[in-house]
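Structure file entry-v1.cif with mmCIF, C-alpha atoms:
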```cif
data_work
loop_
_atom_site.label_atom_id
_atom_site.label_comp_id
_atom_site.auth_asym_id
_atom_site.auth_seq_id
_atom_site.Cartn_x
_atom_site.Cartn_y
_atom_site.Cartn_z
CA MET Y 216 12.45 24.71 7.84
CA SER Y 217 10.71 24.99 4.51
CA ASP Y 218 7.12 24.27 3.74
CA TRP Y 219 6.00 21.20 1.79
CA ILE Y 220 5.93 22.93 -1.61
CA GLU Y 221 9.44 24.33 -1.25
CA LEU Y 222 10.80 21.05 0.14
CA GLU Y 223 9.32 19.01 -2.69
CA ARG Y 224 10.56 21.54 -5.28
CA ARG Y 225 14.12 21.27 -3.95
CA CYS Y 226 13.94 17.49 -3.78
CA LEU Y 227 12.63 17.15 -7.34
CA ALA Y 228 15.50 19.30 -8.62
CA CYS Y 229 18.19 17.53 -6.57
CA GLN Y 230 21.52 16.67 -8.20
CA LYS Y 231 23.48 15.89 -5.01
CA CYS Y 232 24.51 12.36 -6.02
CA ALA Y 233 24.89 10.15 -9.09
CA LEU Y 234 21.42 8.63 -8.65
CA ALA Y 235 20.01 11.81 -10.17
CA ASP Y 236 21.65 10.88 -13.50
CA THR Y 237 19.76 7.60 -13.88
CA ARG Y 238 16.36 8.34 -12.33
CA THR Y 239 13.12 8.59 -14.24
CA ASN Y 240 11.30 10.28 -11.35
CA VAL Y 241 12.12 11.50 -7.88
CA VAL Y 242 10.00 9.49 -5.43
CA PHE Y 243 9.18 12.06 -2.75
CA GLY Y 244 6.50 10.39 -0.62
CA LYS Y 245 2.78 9.72 -0.43
CA GLY Y 246 0.02 10.07 2.13
CA PRO Y 247 -1.69 12.64 4.32
CA ARG Y 248 0.66 15.37 5.47
CA ASP Y 249 -0.84 15.31 8.94
CA ALA Y 250 -0.25 11.56 9.40
CA ARG Y 251 0.80 10.45 12.90
CA ILE Y 252 2.60 7.37 11.54
CA VAL Y 253 5.30 7.27 8.86
CA PHE Y 254 6.70 4.22 7.07
CA ILE Y 255 10.23 4.62 5.70
CA GLY Y 256 12.01 2.30 3.27
CA GLU Y 257 15.50 2.45 1.85
CA GLY Y 258 14.87 3.63 -1.73
CA PRO Y 259 12.59 3.31 -4.72
CA GLY Y 260 12.62 0.32 -7.04
CA GLU Y 261 11.88 0.17 -10.75
CA ASN Y 262 8.08 0.52 -10.48
CA GLU Y 263 8.43 3.39 -8.03
CA ASP Y 264 10.94 5.17 -10.27
CA LEU Y 265 8.57 4.85 -13.24
CA ARG Y 266 5.50 6.11 -11.34
CA GLY Y 267 7.17 8.57 -8.96
CA GLU Y 268 5.36 7.02 -5.98
CA PRO Y 269 6.78 4.87 -3.16
CA PHE Y 270 5.95 1.19 -2.70
CA VAL Y 271 3.75 0.59 -5.76
CA GLY Y 272 5.26 -2.70 -6.95
CA ARG Y 273 4.56 -6.20 -5.61
CA GLY Y 274 6.16 -5.38 -2.26
CA GLY Y 275 4.06 -2.24 -1.93
CA GLN Y 276 0.90 -4.15 -2.73
CA LEU Y 277 1.75 -6.69 -0.04
CA LEU Y 278 2.48 -3.87 2.41
CA ASP Y 279 -0.86 -2.18 1.67
CA GLU Y 280 -2.68 -5.50 2.22
CA MET Y 281 -0.90 -6.09 5.52
CA LEU Y 282 -1.47 -2.55 6.78
CA SER Y 283 -5.15 -2.68 5.85
CA LEU Y 284 -5.45 -5.59 8.33
CA ILE Y 285 -4.58 -3.14 11.13
CA GLY Y 286 -6.73 -0.33 9.76
CA LEU Y 287 -4.07 1.70 7.98
CA SER Y 288 -4.26 3.22 4.51
CA ARG Y 289 -1.88 5.55 2.68
CA GLU Y 290 -4.85 7.56 1.43
CA LYS Y 291 -6.27 8.02 4.92
CA ASN Y 292 -3.84 7.76 7.82
CA PHE Y 293 -0.16 7.07 7.09
CA TYR Y 294 2.65 8.67 5.12
CA ILE Y 295 5.23 6.57 3.27
CA THR Y 296 8.61 7.54 1.88
CA ASN Y 297 12.22 6.37 1.57
CA ILE Y 298 15.64 7.46 2.77
CA VAL Y 299 16.83 8.04 -0.79
CA LYS Y 300 14.39 9.52 -3.28
CA CYS Y 301 15.95 8.14 -6.49
CA ARG Y 302 16.31 4.52 -7.56
CA PRO Y 303 19.68 2.86 -7.03
CA PRO Y 304 20.72 0.90 -10.16
CA GLN Y 305 19.42 -2.70 -10.25
CA ASN Y 306 17.60 -1.97 -6.95
CA ARG Y 307 20.85 -2.37 -5.01
CA ASP Y 308 21.08 -1.03 -1.46
CA PRO Y 309 21.69 2.72 -1.46
CA LEU Y 310 25.32 3.59 -0.71
CA ASN Y 311 26.11 5.56 2.44
CA THR Y 312 27.15 8.53 0.29
CA GLU Y 313 23.76 8.43 -1.47
CA GLN Y 314 21.95 8.20 1.85
CA ASP Y 315 24.03 11.10 3.21
CA ALA Y 316 23.16 13.23 0.17
CA CYS Y 317 19.43 12.57 0.52
CA VAL Y 318 18.64 12.04 4.20
CA GLY Y 319 18.25 15.79 4.82
CA TYR Y 320 15.05 15.71 2.77
CA LEU Y 321 13.74 12.91 4.99
CA TRP Y 322 14.56 14.86 8.17
CA GLU Y 323 12.67 17.86 6.77
CA GLN Y 324 9.69 15.64 5.88
CA LEU Y 325 9.66 14.32 9.44
CA GLU Y 326 9.88 17.87 10.86
CA LEU Y 327 6.85 18.87 8.80
CA LEU Y 328 4.90 15.69 9.57
CA ARG Y 329 5.70 15.54 13.30
CA PRO Y 330 4.76 11.84 13.57
CA ARG Y 331 4.40 9.96 16.85
CA VAL Y 332 5.38 6.61 15.29
CA VAL Y 333 8.04 5.84 12.66
CA VAL Y 334 8.24 2.35 11.17
CA CYS Y 335 11.39 1.41 9.30
CA LEU Y 336 10.81 -1.01 6.45
CA GLY Y 337 13.85 -3.26 6.48
CA ARG Y 338 17.35 -3.19 7.88
CA ILE Y 339 18.77 -0.33 5.78
CA ALA Y 340 16.18 2.15 7.08
CA ALA Y 341 16.54 0.77 10.62
CA MET Y 342 20.32 1.11 10.50
CA ARG Y 343 19.97 4.72 9.42
CA LEU Y 344 17.14 5.77 11.74
CA ILE Y 345 17.37 3.53 14.81
CA LYS Y 346 21.03 2.49 15.19
CA PRO Y 347 23.93 1.72 12.83
CA ASP Y 348 24.33 -1.91 13.93
CA TYR Y 349 20.60 -2.75 13.84
CA ARG Y 350 19.95 -6.47 13.23
CA ILE Y 351 16.51 -6.89 11.68
CA THR Y 352 16.31 -10.63 12.37
CA LYS Y 353 16.86 -10.11 16.10
CA GLU Y 354 15.43 -6.63 16.74
CA HIS Y 355 12.37 -6.30 14.48
CA GLY Y 356 9.30 -5.18 16.39
CA GLN Y 357 11.26 -3.67 19.30
CA TRP Y 358 10.47 -0.06 20.19
CA VAL Y 359 12.88 2.83 20.72
CA GLU Y 360 11.67 6.24 21.91
CA ARG Y 361 13.46 9.48 21.01
CA ASP Y 362 12.06 12.91 21.84
CA GLY Y 363 8.51 11.57 22.08
CA VAL Y 364 8.69 9.68 18.76
CA PHE Y 365 8.53 5.88 18.84
CA TYR Y 366 10.60 3.96 16.28
CA THR Y 367 10.39 0.32 15.29
CA ALA Y 368 11.32 -1.79 12.27
CA ILE Y 369 9.65 -4.62 10.43
CA TYR Y 370 10.89 -6.81 7.61
CA HIS Y 371 10.90 -5.08 4.24
CA PRO Y 372 7.98 -6.26 2.07
CA ALA Y 373 10.44 -7.49 -0.58
CA ALA Y 374 12.03 -9.75 2.05
CA LEU Y 375 8.58 -11.19 2.83
CA LEU Y 376 8.05 -11.94 -0.86
CA ARG Y 377 11.40 -13.76 -0.98
CA ASP Y 378 10.88 -15.56 2.34
CA PRO Y 379 7.21 -15.97 3.36
CA SER Y 380 8.29 -17.74 6.57
CA LYS Y 381 8.94 -14.24 8.00
CA LYS Y 382 5.25 -13.29 7.71
CA PRO Y 383 4.14 -14.54 11.16
CA ASP Y 384 6.80 -12.36 12.84
CA THR Y 385 5.67 -9.43 10.73
CA PHE Y 386 2.02 -9.89 11.68
CA ALA Y 387 3.03 -9.89 15.36
CA ASP Y 388 4.96 -6.66 14.71
CA LEU Y 389 1.90 -5.15 13.00
CA ARG Y 390 -0.28 -5.95 16.02
CA SER Y 391 2.30 -4.18 18.18
CA ILE Y 392 2.18 -1.15 15.86
CA ARG Y 393 -1.62 -1.07 16.09
CA ALA Y 394 -1.45 -1.23 19.90
CA LYS Y 395 1.14 1.58 20.01
CA LEU Y 396 -1.01 3.76 17.74
CA ARG Y 397 -4.13 3.14 19.83
CA ALA Y 398 -2.22 4.16 22.96
CA LEU Y 399 -0.40 7.20 21.56
CA CYS Y 400 -2.73 8.61 18.91
CA PRO Y 401 -6.17 6.98 18.89
CA GLU Y 402 -7.33 9.62 16.38
CA VAL Y 403 -5.62 7.51 13.71
CA TYR Y 404 -8.54 5.10 14.03
CA SER Y 405 -11.37 7.62 14.34
#
```
Structure translated into structure tokens:
Amino acid sequence: MSDWIELERRCLACQKCALADTRTNVVFGKGPRDARIVFIGEGPGENEDLRGEPFVGRGGQLLDEMLSLIGLSREKNFYITNIVKCRPPQNRDPLNTEQDACVGYLWEQLELLRPRVVVCLGRIAAMRLIKPDYRITKEHGQWVERDGVFYTAIYHPAALLRDPSKKPDTFADLRSIRAKLRALCPEVYS
């Protein structure tokens, strides 16, 4: 396992798939590197590609607002990243081959972070990290434990922008995340 500097260096230089040809920036991740909770999306969008930082567009702003309601902040107590680190064209879903080329970087990030809680943002991340046939509309907010790490998924912030009727379910899921964090790692809130 490499250290953070070596991992980020390799990721920034990656040419494993065609997304490298069209990216402006690699979007590695953001937040404290001792965070006990990690949020994982599918891939960067246009704003993220331009800035080199995950979830900085409208969806990211909504996510930050929602997470602040349960006492979470990317500057203070959570890490955020994506499965793929380069923007898929027209913000399409990342192809399985693109995910396969990039997911090793995510696994290394998780090894270095050693989180207790992983929250998938949307169905693509949940299908990759929780189970291949994950159904976000039926399974969001449910918890799965693997090797002492608890996984759940919530609707992707972009989905909430498109369909605000999903917000009440998401707020219930956020309360569940807060309760899980208080039980497993209360230091998040100290």
Q | the PyMOL selection byres ((chain Y and resi 308-324) around 6) resolved against shown file, as a PyMOL selection string | A | chain Y and resi 231+298-299+303+307+325-327
Q.
the PyMOL selection byres ((chain Y and resi 403) around 10) - which residues does that actually catch in the file I just gave you? List them as number ranges by chain.
A. Y: 250-252, 286-287, 291-293, 393, 396-397, 399-402, 404-405
Could the residues in this selection be saved with C-alpha atoms as a PDB file, in the frame of the given file?
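As written to disk, result11.pdb reads:
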```pdb
ATOM      1  CA  ALA Y 250      -0.250  11.560   9.400  1.00  0.00           C
ATOM      2  CA  ARG Y 251       0.800  10.450  12.900  1.00  0.00           C
ATOM      3  CA  ILE Y 252       2.600   7.370  11.540  1.00  0.00           C
ATOM      4  CA  GLY Y 286      -6.730  -0.330   9.760  1.00  0.00           C
ATOM      5  CA  LEU Y 287      -4.070   1.700   7.980  1.00  0.00           C
ATOM      6  CA  LYS Y 291      -6.270   8.020   4.920  1.00  0.00           C
ATOM      7  CA  ASN Y 292      -3.840   7.760   7.820  1.00  0.00           C
ATOM      8  CA  PHE Y 293      -0.160   7.070   7.090  1.00  0.00           C
ATOM      9  CA  ARG Y 393      -1.620  -1.070  16.090  1.00  0.00           C
ATOM     10  CA  LEU Y 396      -1.010   3.760  17.740  1.00  0.00           C
ATOM     11  CA  ARG Y 397      -4.130   3.140  19.830  1.00  0.00           C
ATOM     12  CA  LEU Y 399      -0.400   7.200  21.560  1.00  0.00           C
ATOM     13  CA  CYS Y 400      -2.730   8.610  18.910  1.00  0.00           C
ATOM     14  CA  PRO Y 401      -6.170   6.980  18.890  1.00  0.00           C
ATOM     15  CA  GLU Y 402      -7.330   9.620  16.380  1.00  0.00           C
ATOM     16  CA  TYR Y 404      -8.540   5.100  14.030  1.00  0.00           C
ATOM     17  CA  SER Y 405     -11.370   7.620  14.340  1.00  0.00           C
TER      18      SER Y 405
END
```
Q) On this structure, which residues satisfy the PyMOL selection byres ((chain Y and resi 241) around 8), written as a list in words? A)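 That expression, the PyMOL selection byres ((chain Y and resi 241) around 8), corresponds here to Cys226, Leu227, Arg238, Thr239, Asn240, Val242, Phe243, Asp264, Gly267, Lys300 and Cys301 of chain Y.
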Q) atom CA of Y:Leu222 to atom CA of Y:Leu336: how many Å, to one decimal? A) 22.9 Å
**Q.** Residue nearest Y:Gln357 among Y:Arg302, Y:Lys245, Y:Lys395, Y:Arg289 (counting all atoms listed in the file)
**A.** Y:Lys395
Q | Sphere at (17.7, -4.1, -9.9), radius 9 Å, counting all atoms listed in the file: residues as a list in words | A |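 Residues lying no farther than 9 Å from the given point: Gly260, Glu261, Pro303, Pro304, Gln305, Asn306 and Arg307 of chain Y.
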Q | Cut-off 12 Å around (8.6, -8.2, 14.8) with all atoms listed in the file: residues as a ChimeraX atom specification | A | /Y:334-337,350-358,367-371,381-392
Keeping C-alpha atoms for every residue in the selection just given, could you write it to a file as an mmCIF file, keeping the file's coordinate frame?
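Here's the written file out.cif:
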```cif
data_model
loop_
_atom_site.group_PDB
_atom_site.id
_atom_site.type_symbol
_atom_site.label_atom_id
_atom_site.label_comp_id
_atom_site.auth_asym_id
_atom_site.auth_seq_id
_atom_site.Cartn_x
_atom_site.Cartn_y
_atom_site.Cartn_z
ATOM 1 C CA VAL Y 334 8.240 2.350 11.170
ATOM 2 C CA CYS Y 335 11.390 1.410 9.300
ATOM 3 C CA LEU Y 336 10.810 -1.010 6.450
ATOM 4 C CA GLY Y 337 13.850 -3.260 6.480
ATOM 5 C CA ARG Y 350 19.950 -6.470 13.230
ATOM 6 C CA ILE Y 351 16.510 -6.890 11.680
ATOM 7 C CA THR Y 352 16.310 -10.630 12.370
ATOM 8 C CA LYS Y 353 16.860 -10.110 16.100
ATOM 9 C CA GLU Y 354 15.430 -6.630 16.740
ATOM 10 C CA HIS Y 355 12.370 -6.300 14.480
ATOM 11 C CA GLY Y 356 9.300 -5.180 16.390
ATOM 12 C CA GLN Y 357 11.260 -3.670 19.300
ATOM 13 C CA TRP Y 358 10.470 -0.060 20.190
ATOM 14 C CA THR Y 367 10.390 0.320 15.290
ATOM 15 C CA ALA Y 368 11.320 -1.790 12.270
ATOM 16 C CA ILE Y 369 9.650 -4.620 10.430
ATOM 17 C CA TYR Y 370 10.890 -6.810 7.610
ATOM 18 C CA HIS Y 371 10.900 -5.080 4.240
ATOM 19 C CA LYS Y 381 8.940 -14.240 8.000
ATOM 20 C CA LYS Y 382 5.250 -13.290 7.710
ATOM 21 C CA PRO Y 383 4.140 -14.540 11.160
ATOM 22 C CA ASP Y 384 6.800 -12.360 12.840
ATOM 23 C CA THR Y 385 5.670 -9.430 10.730
ATOM 24 C CA PHE Y 386 2.020 -9.890 11.680
ATOM 25 C CA ALA Y 387 3.030 -9.890 15.360
ATOM 26 C CA ASP Y 388 4.960 -6.660 14.710
ATOM 27 C CA LEU Y 389 1.900 -5.150 13.000
ATOM 28 C CA ARG Y 390 -0.280 -5.950 16.020
ATOM 29 C CA SER Y 391 2.300 -4.180 18.180
ATOM 30 C CA ILE Y 392 2.180 -1.150 15.860
#
```
